[in-house]
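Novice: Provided herewith: query.pdb, PDB, C-alpha atoms.
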ATOM      1  CA  MET N   8       0.000   0.000   0.000
ATOM      2  CA  GLN N   9       2.727   2.469   0.964
ATOM      3  CA  ASN N  10       4.568   1.866  -2.317
ATOM      4  CA  ARG N  11       1.516   2.656  -4.453
ATOM      5  CA  ILE N  12       0.787   5.785  -2.397
ATOM      6  CA  ALA N  13       4.342   7.002  -3.016
ATOM      7  CA  LYS N  14       3.945   6.291  -6.734
ATOM      8  CA  ALA N  15       0.560   8.059  -6.863
ATOM      9  CA  LYS N  16       2.072  11.215  -5.357
ATOM     10  CA  ASN N  17       4.140  11.669  -8.553
ATOM     11  CA  ILE N  18       1.353  11.160 -11.096
ATOM     12  CA  LYS N  19       0.822  13.967 -13.619
ATOM     13  CA  LEU N  20      -0.965  11.880 -16.252
ATOM     14  CA  LEU N  21      -3.631   9.172 -16.035
ATOM     15  CA  ILE N  22      -4.070   6.982 -19.109
ATOM     16  CA  LEU N  23      -7.201   4.891 -19.407
ATOM     17  CA  ASP N  24      -8.230   1.950 -21.528
ATOM     18  CA  VAL N  25     -11.874   2.029 -22.603
ATOM     19  CA  ASP N  26     -13.495  -1.394 -23.070
ATOM     20  CA  GLY N  27     -13.323  -3.144 -19.710
ATOM     21  CA  VAL N  28     -12.136  -0.033 -17.840
ATOM     22  CA  LEU N  29     -14.424   2.896 -18.679
ATOM     23  CA  THR N  30     -17.083   0.365 -19.728
ATOM     24  CA  ASP N  31     -17.985  -3.131 -18.537
ATOM     25  CA  ALA N  32     -16.417  -4.568 -21.734
ATOM     26  CA  LYS N  33     -19.764  -5.394 -23.322
ATOM     27  CA  LEU N  34     -20.274  -4.352 -26.935
ATOM     28  CA  PHE N  35     -23.774  -3.475 -28.141
ATOM     29  CA  PHE N  36     -24.698  -3.112 -31.822
ATOM     30  CA  ASP N  37     -28.059  -2.558 -33.493
ATOM     31  CA  GLU N  38     -29.112  -4.118 -36.812
ATOM     32  CA  GLN N  39     -27.479  -1.278 -38.757
ATOM     33  CA  GLY N  40     -24.165  -1.789 -36.954
ATOM     34  CA  LYS N  41     -24.509   1.314 -34.773
ATOM     35  CA  GLU N  42     -22.537   0.875 -31.574
ATOM     36  CA  TYR N  43     -23.785   1.699 -28.071
ATOM     37  CA  LYS N  44     -21.764   1.988 -24.860
ATOM     38  CA  ALA N  45     -22.611   2.729 -21.259
ATOM     39  CA  PHE N  46     -20.252   4.893 -19.197
ATOM     40  CA  ASN N  47     -20.325   5.416 -15.435
ATOM     41  CA  ALA N  48     -21.152   9.037 -14.531
ATOM     42  CA  ARG N  49     -19.064   8.789 -11.340
ATOM     43  CA  ASP N  50     -16.020   7.883 -13.431
ATOM     44  CA  GLY N  51     -16.678  11.033 -15.446
ATOM     45  CA  LEU N  52     -16.745  13.217 -12.341
ATOM     46  CA  GLY N  53     -13.533  11.609 -11.108
ATOM     47  CA  ILE N  54     -11.875  12.470 -14.409
ATOM     48  CA  LYS N  55     -13.118  16.061 -14.155
ATOM     49  CA  LEU N  56     -11.723  16.295 -10.591
ATOM     50  CA  LEU N  57      -8.307  15.100 -11.790
ATOM     51  CA  GLN N  58      -8.341  17.659 -14.594
ATOM     52  CA  LYS N  59      -9.364  20.413 -12.169
ATOM     53  CA  SER N  60      -6.427  19.503  -9.949
ATOM     54  CA  GLY N  61      -3.937  19.736 -12.838
ATOM     55  CA  ILE N  62      -3.584  16.052 -13.714
ATOM     56  CA  GLN N  63      -3.975  15.306 -17.410
ATOM     57  CA  VAL N  64      -6.073  12.397 -18.645
ATOM     58  CA  ALA N  65      -5.597  10.419 -21.853
ATOM     59  CA  VAL N  66      -7.309   7.435 -23.455
ATOM     60  CA  ILE N  67      -5.792   4.612 -25.479
ATOM     61  CA  SER N  68      -8.215   2.079 -26.932
ATOM     62  CA  GLY N  69      -7.652  -0.847 -29.230
ATOM     63  CA  ARG N  70     -10.970  -0.090 -30.903
ATOM     64  CA  ALA N  71     -12.136   2.957 -32.823
ATOM     65  CA  SER N  72     -15.571   3.996 -31.630
ATOM     66  CA  LYS N  73     -17.805   7.017 -32.242
ATOM     67  CA  PRO N  74     -19.495   6.729 -28.814
ATOM     68  CA  VAL N  75     -16.068   6.777 -27.140
ATOM     69  CA  ALA N  76     -14.925   9.796 -29.144
ATOM     70  CA  LEU N  77     -18.130  11.611 -28.181
ATOM     71  CA  ARG N  78     -17.798  10.771 -24.466
ATOM     72  CA  MET N  79     -14.151  11.868 -24.387
ATOM     73  CA  GLU N  80     -15.114  15.156 -26.055
ATOM     74  CA  MET N  81     -17.797  15.645 -23.370
ATOM     75  CA  LEU N  82     -15.165  15.084 -20.680
ATOM     76  CA  GLY N  83     -12.694  17.496 -22.277
ATOM     77  CA  ILE N  84     -10.113  14.789 -22.962
ATOM     78  CA  SER N  85      -8.115  15.758 -26.030
ATOM     79  CA  LEU N  86      -5.462  13.034 -25.829
ATOM     80  CA  VAL N  87      -7.612  10.306 -27.381
ATOM     81  CA  TYR N  88      -5.963   7.447 -29.259
ATOM     82  CA  LEU N  89      -8.556   5.075 -30.718
ATOM     83  CA  GLY N  90      -7.949   1.994 -32.874
ATOM     84  CA  GLN N  91      -4.485   1.485 -31.416
ATOM     85  CA  THR N  92      -3.089  -2.001 -31.942
ATOM     86  CA  ASP N  93       0.261  -0.852 -30.506
ATOM     87  CA  LYS N  94      -0.583   0.859 -27.244
ATOM     88  CA  GLY N  95       3.115   1.154 -26.352
ATOM     89  CA  GLN N  96       3.725   3.507 -29.271
ATOM     90  CA  ALA N  97       0.660   5.582 -28.406
ATOM     91  CA  PHE N  98       1.942   5.819 -24.818
ATOM     92  CA  LYS N  99       5.285   7.216 -26.012
ATOM     93  CA  GLU N 100       3.500   9.838 -28.120
ATOM     94  CA  ILE N 101       1.282  10.878 -25.216
ATOM     95  CA  ILE N 102       4.061  11.366 -22.670
ATOM     96  CA  ALA N 103       6.022  13.352 -25.229
ATOM     97  CA  LYS N 104       3.004  15.625 -25.812
ATOM     98  CA  VAL N 105       2.317  16.022 -22.084
ATOM     99  CA  GLY N 106       5.978  16.535 -21.241
ATOM    100  CA  CYS N 107       6.154  14.059 -18.390
ATOM    101  CA  THR N 108       8.219  10.961 -17.735
ATOM    102  CA  ALA N 109       6.899   7.397 -17.772
ATOM    103  CA  ASP N 110       7.228   7.362 -13.969
ATOM    104  CA  GLN N 111       4.815  10.310 -13.765
ATOM    105  CA  ALA N 112       2.120   8.382 -15.637
ATOM    106  CA  ALA N 113      -0.446   5.881 -14.389
ATOM    107  CA  HIS N 114      -2.366   3.461 -16.579
ATOM    108  CA  VAL N 115      -5.580   1.555 -15.893
ATOM    109  CA  GLY N 116      -6.044  -1.566 -17.981
ATOM    110  CA  ASP N 117      -7.874  -4.862 -18.014
ATOM    111  CA  ASP N 118      -6.279  -7.179 -20.579
ATOM    112  CA  LEU N 119      -3.145  -8.218 -22.455
ATOM    113  CA  ILE N 120      -3.394  -5.385 -25.014
ATOM    114  CA  ASP N 121      -2.652  -3.000 -22.098
ATOM    115  CA  LEU N 122       0.545  -4.775 -21.046
ATOM    116  CA  PRO N 123       2.947  -2.680 -23.196
ATOM    117  CA  VAL N 124       1.795   0.416 -21.281
ATOM    118  CA  LEU N 125       1.408  -1.207 -17.850
ATOM    119  CA  ILE N 126       5.058  -2.297 -17.813
ATOM    120  CA  GLN N 127       6.302   1.231 -18.608
ATOM    121  CA  VAL N 128       4.274   3.482 -16.299
ATOM    122  CA  GLY N 129       5.094   4.579 -12.773
ATOM    123  CA  LEU N 130       1.752   3.307 -11.428
ATOM    124  CA  ALA N 131       0.207   0.282 -13.160
ATOM    125  CA  ILE N 132      -3.406  -0.481 -12.240
ATOM    126  CA  ALA N 133      -5.806  -3.274 -13.173
ATOM    127  CA  VAL N 134      -9.547  -3.183 -12.628
ATOM    128  CA  GLN N 135     -11.100  -5.764 -10.319
ATOM    129  CA  ASP N 136     -12.283  -7.997 -13.164
ATOM    130  CA  ALA N 137      -9.084  -7.776 -15.251
ATOM    131  CA  SER N 138      -7.524 -10.718 -17.015
ATOM    132  CA  GLU N 139      -5.378 -12.632 -14.549
ATOM    133  CA  GLN N 140      -2.481 -12.635 -17.038
ATOM    134  CA  ILE N 141      -1.774  -8.938 -16.379
ATOM    135  CA  LEU N 142      -1.997  -9.078 -12.590
ATOM    136  CA  PRO N 143       1.698  -9.914 -12.012
ATOM    137  CA  TYR N 144       2.574  -6.647 -13.793
ATOM    138  CA  VAL N 145       0.408  -4.207 -11.828
ATOM    139  CA  ASP N 146       0.978  -2.263  -8.619
ATOM    140  CA  TRP N 147      -2.668  -2.324  -7.624
ATOM    141  CA  GLN N 148      -6.001  -3.905  -8.502
ATOM    142  CA  THR N 149      -9.152  -1.870  -7.846
ATOM    143  CA  ARG N 150     -12.013  -3.075  -5.644
ATOM    144  CA  LEU N 151     -14.512  -2.125  -8.348
ATOM    145  CA  ALA N 152     -14.939  -3.630 -11.795
ATOM    146  CA  GLY N 153     -14.531  -1.871 -15.124
ATOM    147  CA  GLY N 154     -17.526   0.330 -15.931
ATOM    148  CA  GLN N 155     -18.675   0.045 -12.311
ATOM    149  CA  GLY N 156     -16.727   2.952 -10.791
ATOM    150  CA  ALA N 157     -13.170   1.598 -10.995
ATOM    151  CA  VAL N 158     -11.926   4.770 -12.702
ATOM    152  CA  ARG N 159     -13.470   6.940  -9.981
ATOM    153  CA  GLU N 160     -11.748   4.742  -7.394
ATOM    154  CA  VAL N 161      -8.416   5.379  -9.128
ATOM    155  CA  CYS N 162      -9.039   9.130  -9.448
ATOM    156  CA  ASP N 163      -9.955   9.422  -5.768
ATOM    157  CA  PHE N 164      -6.879   7.424  -4.757
ATOM    158  CA  ILE N 165      -4.506   9.658  -6.742
ATOM    159  CA  LEU N 166      -6.153  12.827  -5.446
ATOM    160  CA  GLN N 167      -5.971  11.610  -1.841
ATOM    161  CA  ALA N 168      -2.334  10.525  -2.225
ATOM    162  CA  GLN N 169      -1.492  14.003  -3.531
ATOM    163  CA  GLY N 170      -3.399  15.758  -0.750
ATOM    164  CA  LYS N 171      -5.819  17.381  -3.217
ATOM    165  CA  MET N 172      -9.086  15.659  -2.366
ATOM    166  CA  GLN N 173     -10.154  17.734   0.622
ATOM    167  CA  GLY N 174      -9.736  20.992  -1.290
ATOM    168  CA  LEU N 175     -11.912  19.613  -4.090
ATOM    169  CA  VAL N 176     -14.566  18.523  -1.598
ATOM    170  CA  GLU N 177     -14.512  22.016  -0.079
ATOM    171  CA  SER N 178     -14.930  23.592  -3.519
ATOM    172  CA  PHE N 179     -18.301  21.833  -3.882
ATOM    173  CA  LYS N 180     -19.502  23.311  -0.591
ATOM    174  CA  GLU N 181     -18.971  26.781  -2.059
ATOM    175  CA  ILE N 182     -21.152  26.220  -5.113
TER     176      ILE N 182
END
For this file, produce the structure as structure tokens.

Specialist:
Amino acid sequence: MQNRIAKAKNIKLLILDVDGVLTDAKLFFDEQGKEYKAFNARDGLGIKLLQKSGIQVAVISGRASKPVALRMEMLGISLVYLGQTDKGQAFKEIIAKVGCTADQAAHVGDDLIDLPVLIQVGLAIAVQDASEQILPYVDWQTRLAGGQGAVREVCDFILQAQGKMQGLVESFKEI
């Protein structure tokens, strides 16, 4: 626990997978092939709290998806890499754009496609229902499953580790 708190104190960038992390990994299509996804509103608020506190958020997904692009636009996330078969390369591009080191980045993943990023970041996180093959490579596994508030759990943890949570809570009292 102490080790992951120390790592979380240095985080300047949170990178998220989508299917299985921001969603429950289910894919819904209608007869015309239109895709539907469900996102957790609490995850969205957690992302907004990170952004408000100065921590950047990025997304790397193996799939290209219009619903994902729309949700990321709603959340004000501009570092969106969809349809990425090589997440390691996307990770390198993102940290170069943000201007941080790999140690200052955290990644939340759920499956083998996330491994190239998980092994490079300073804080590697798997959701509760992640593939067991990635678990030996992560610093922490969330209590909550993907699409069920796991991202909010991660956001809250980083904010608490950095001593920023109480100030954010207070800011809501002033509204």

Novice: Env of Val25 in chain N: 10 Å cut, atoms = only C-alpha atoms, seq-sep filter 6 positions within chain, self excluded. Answer as JSON, numbers by chain.

Specialist: {"N": [31, 32, 46, 66, 67, 68, 69, 70, 72, 75, 89, 115, 116, 117, 153, 154]}

Novice: When you count all atoms listed in the file, which of these residues is closest to Ala65 in chain N: N:Arg78, N:Arg49, N:Arg150, N:His114?

Specialist: N:His114

Novice: Could you tell me which residues the PyMOL selection byres ((chain N and resi 84) around 10) returns for this structure, as a list of chain:residue names?

Specialist: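 In the shown coordinates, the PyMOL selection byres ((chain N and resi 84) around 10) covers N:Ile54, N:Lys55, N:Gln58, N:Gln63, N:Val64, N:Ala65, N:Val66, N:Ala76, N:Arg78, N:Met79, N:Glu80, N:Met81, N:Leu82, N:Gly83, N:Ser85, N:Leu86, N:Val87.
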
Novice: Return as JSON lines the residues of range 11-119 of chain N lying at most 6 Å from range 156-169 of chain N, together with the closest atom-to-atom pair for each and the distance in Å to one decimal, counting only C-alpha atoms, with rows in chain order and ascending residue number.

Specialist:
{"residue": "N:Ile12", "atom": "CA", "partner": "N:Ala168", "partner_atom": "CA", "distance": 5.7}
{"residue": "N:Ala15", "atom": "CA", "partner": "N:Ile165", "partner_atom": "CA", "distance": 5.3}
{"residue": "N:Lys16", "atom": "CA", "partner": "N:Gln169", "partner_atom": "CA", "distance": 4.9}
{"residue": "N:Asp50", "atom": "CA", "partner": "N:Arg159", "partner_atom": "CA", "distance": 4.4}
{"residue": "N:Gly53", "atom": "CA", "partner": "N:Arg159", "partner_atom": "CA", "distance": 4.8}

Novice: Counting only C-alpha atoms, which of N:Lys171, N:Ala152, N:Pro74, N:Val128 gets nearest to Leu34 in chain N?

Specialist: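 Using only C-alpha atoms, the shortest distance to Leu34 in chain N belongs to N:Pro74.
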
Novice: I would like the residues chosen by the PyMOL selection byres ((chain N and resi 103-113) around 6) on the shown file; could you give them as a PDB file with C-alpha atoms, in the coordinates of the input?

Specialist:
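See selection_26.pdb below for the written result:
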ATOM      1  CA  ASN N  17       4.140  11.669  -8.553  1.00  0.00           C
ATOM      2  CA  ILE N  18       1.353  11.160 -11.096  1.00  0.00           C
ATOM      3  CA  LYS N  19       0.822  13.967 -13.619  1.00  0.00           C
ATOM      4  CA  LEU N  20      -0.965  11.880 -16.252  1.00  0.00           C
ATOM      5  CA  LEU N  21      -3.631   9.172 -16.035  1.00  0.00           C
ATOM      6  CA  GLU N 100       3.500   9.838 -28.120  1.00  0.00           C
ATOM      7  CA  ILE N 101       1.282  10.878 -25.216  1.00  0.00           C
ATOM      8  CA  ILE N 102       4.061  11.366 -22.670  1.00  0.00           C
ATOM      9  CA  HIS N 114      -2.366   3.461 -16.579  1.00  0.00           C
ATOM     10  CA  VAL N 128       4.274   3.482 -16.299  1.00  0.00           C
ATOM     11  CA  GLY N 129       5.094   4.579 -12.773  1.00  0.00           C
ATOM     12  CA  LEU N 130       1.752   3.307 -11.428  1.00  0.00           C
ATOM     13  CA  ALA N 131       0.207   0.282 -13.160  1.00  0.00           C
TER      14      ALA N 131
END

Novice: Rounded to one decimal in Å, what is the spacing between CA of Leu122 in chain N and CA of Phe35 in chain N?

Specialist: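 A separation of 25.4 Å between them.
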
Novice: Counting only C-alpha atoms, what is within 12 Å of Leu119 in chain N, bar same-chain residues fewer than 3 positions away, as a VMD selection string?

Specialist: chain N and resid 24 27 69 92 to 95 116 122 to 126 133 137 to 145

Novice: Could you save those same residues with C-alpha atoms as a tab-separated table (two decimals), keeping the file's coordinate frame?

Specialist:
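Below you can see out-v6.tsv, which holds the result:
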chain	number	residue	atom	x	y	z
N	24	ASP	CA	-8.23	1.95	-21.53
N	27	GLY	CA	-13.32	-3.14	-19.71
N	69	GLY	CA	-7.65	-0.85	-29.23
N	92	THR	CA	-3.09	-2.00	-31.94
N	93	ASP	CA	0.26	-0.85	-30.51
N	94	LYS	CA	-0.58	0.86	-27.24
N	95	GLY	CA	3.12	1.15	-26.35
N	116	GLY	CA	-6.04	-1.57	-17.98
N	122	LEU	CA	0.55	-4.78	-21.05
N	123	PRO	CA	2.95	-2.68	-23.20
N	124	VAL	CA	1.80	0.42	-21.28
N	125	LEU	CA	1.41	-1.21	-17.85
N	126	ILE	CA	5.06	-2.30	-17.81
N	133	ALA	CA	-5.81	-3.27	-13.17
N	137	ALA	CA	-9.08	-7.78	-15.25
N	138	SER	CA	-7.52	-10.72	-17.02
N	139	GLU	CA	-5.38	-12.63	-14.55
N	140	GLN	CA	-2.48	-12.64	-17.04
N	141	ILE	CA	-1.77	-8.94	-16.38
N	142	LEU	CA	-2.00	-9.08	-12.59
N	143	PRO	CA	1.70	-9.91	-12.01
N	144	TYR	CA	2.57	-6.65	-13.79
N	145	VAL	CA	0.41	-4.21	-11.83

Novice: Have a look at CA of Gly174 in chain N and CA of Ser60 in chain N and let me know their distance in Å, one decimal.

Specialist: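 Computing it gives 9.4 Å between the two atoms.
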
Novice: Could you please determine the separation between CA of Ile132 in chain N and CA of Ser178 in chain N in Å, to one decimal place?

Specialist: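 Pair CA of Ile132 in chain N / CA of Ser178 in chain N returns 28.1 Å.
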
Novice: May I ask which of the residues N:Lys14, N:Asp136, N:Ile62, N:Gln39 is the closest one to Asp26 in chain N, counting only C-alpha atoms?

Specialist: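 Nearest to Asp26 in chain N: N:Asp136.
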
Novice: Just checking: using all atoms listed in the file, which residue out of N:Lys73, N:Tyr88, N:Asp121, N:Leu56 ends up closest to Val28 in chain N?

Specialist: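 With all atoms listed in the file as the atom set, the closest residue is N:Asp121.
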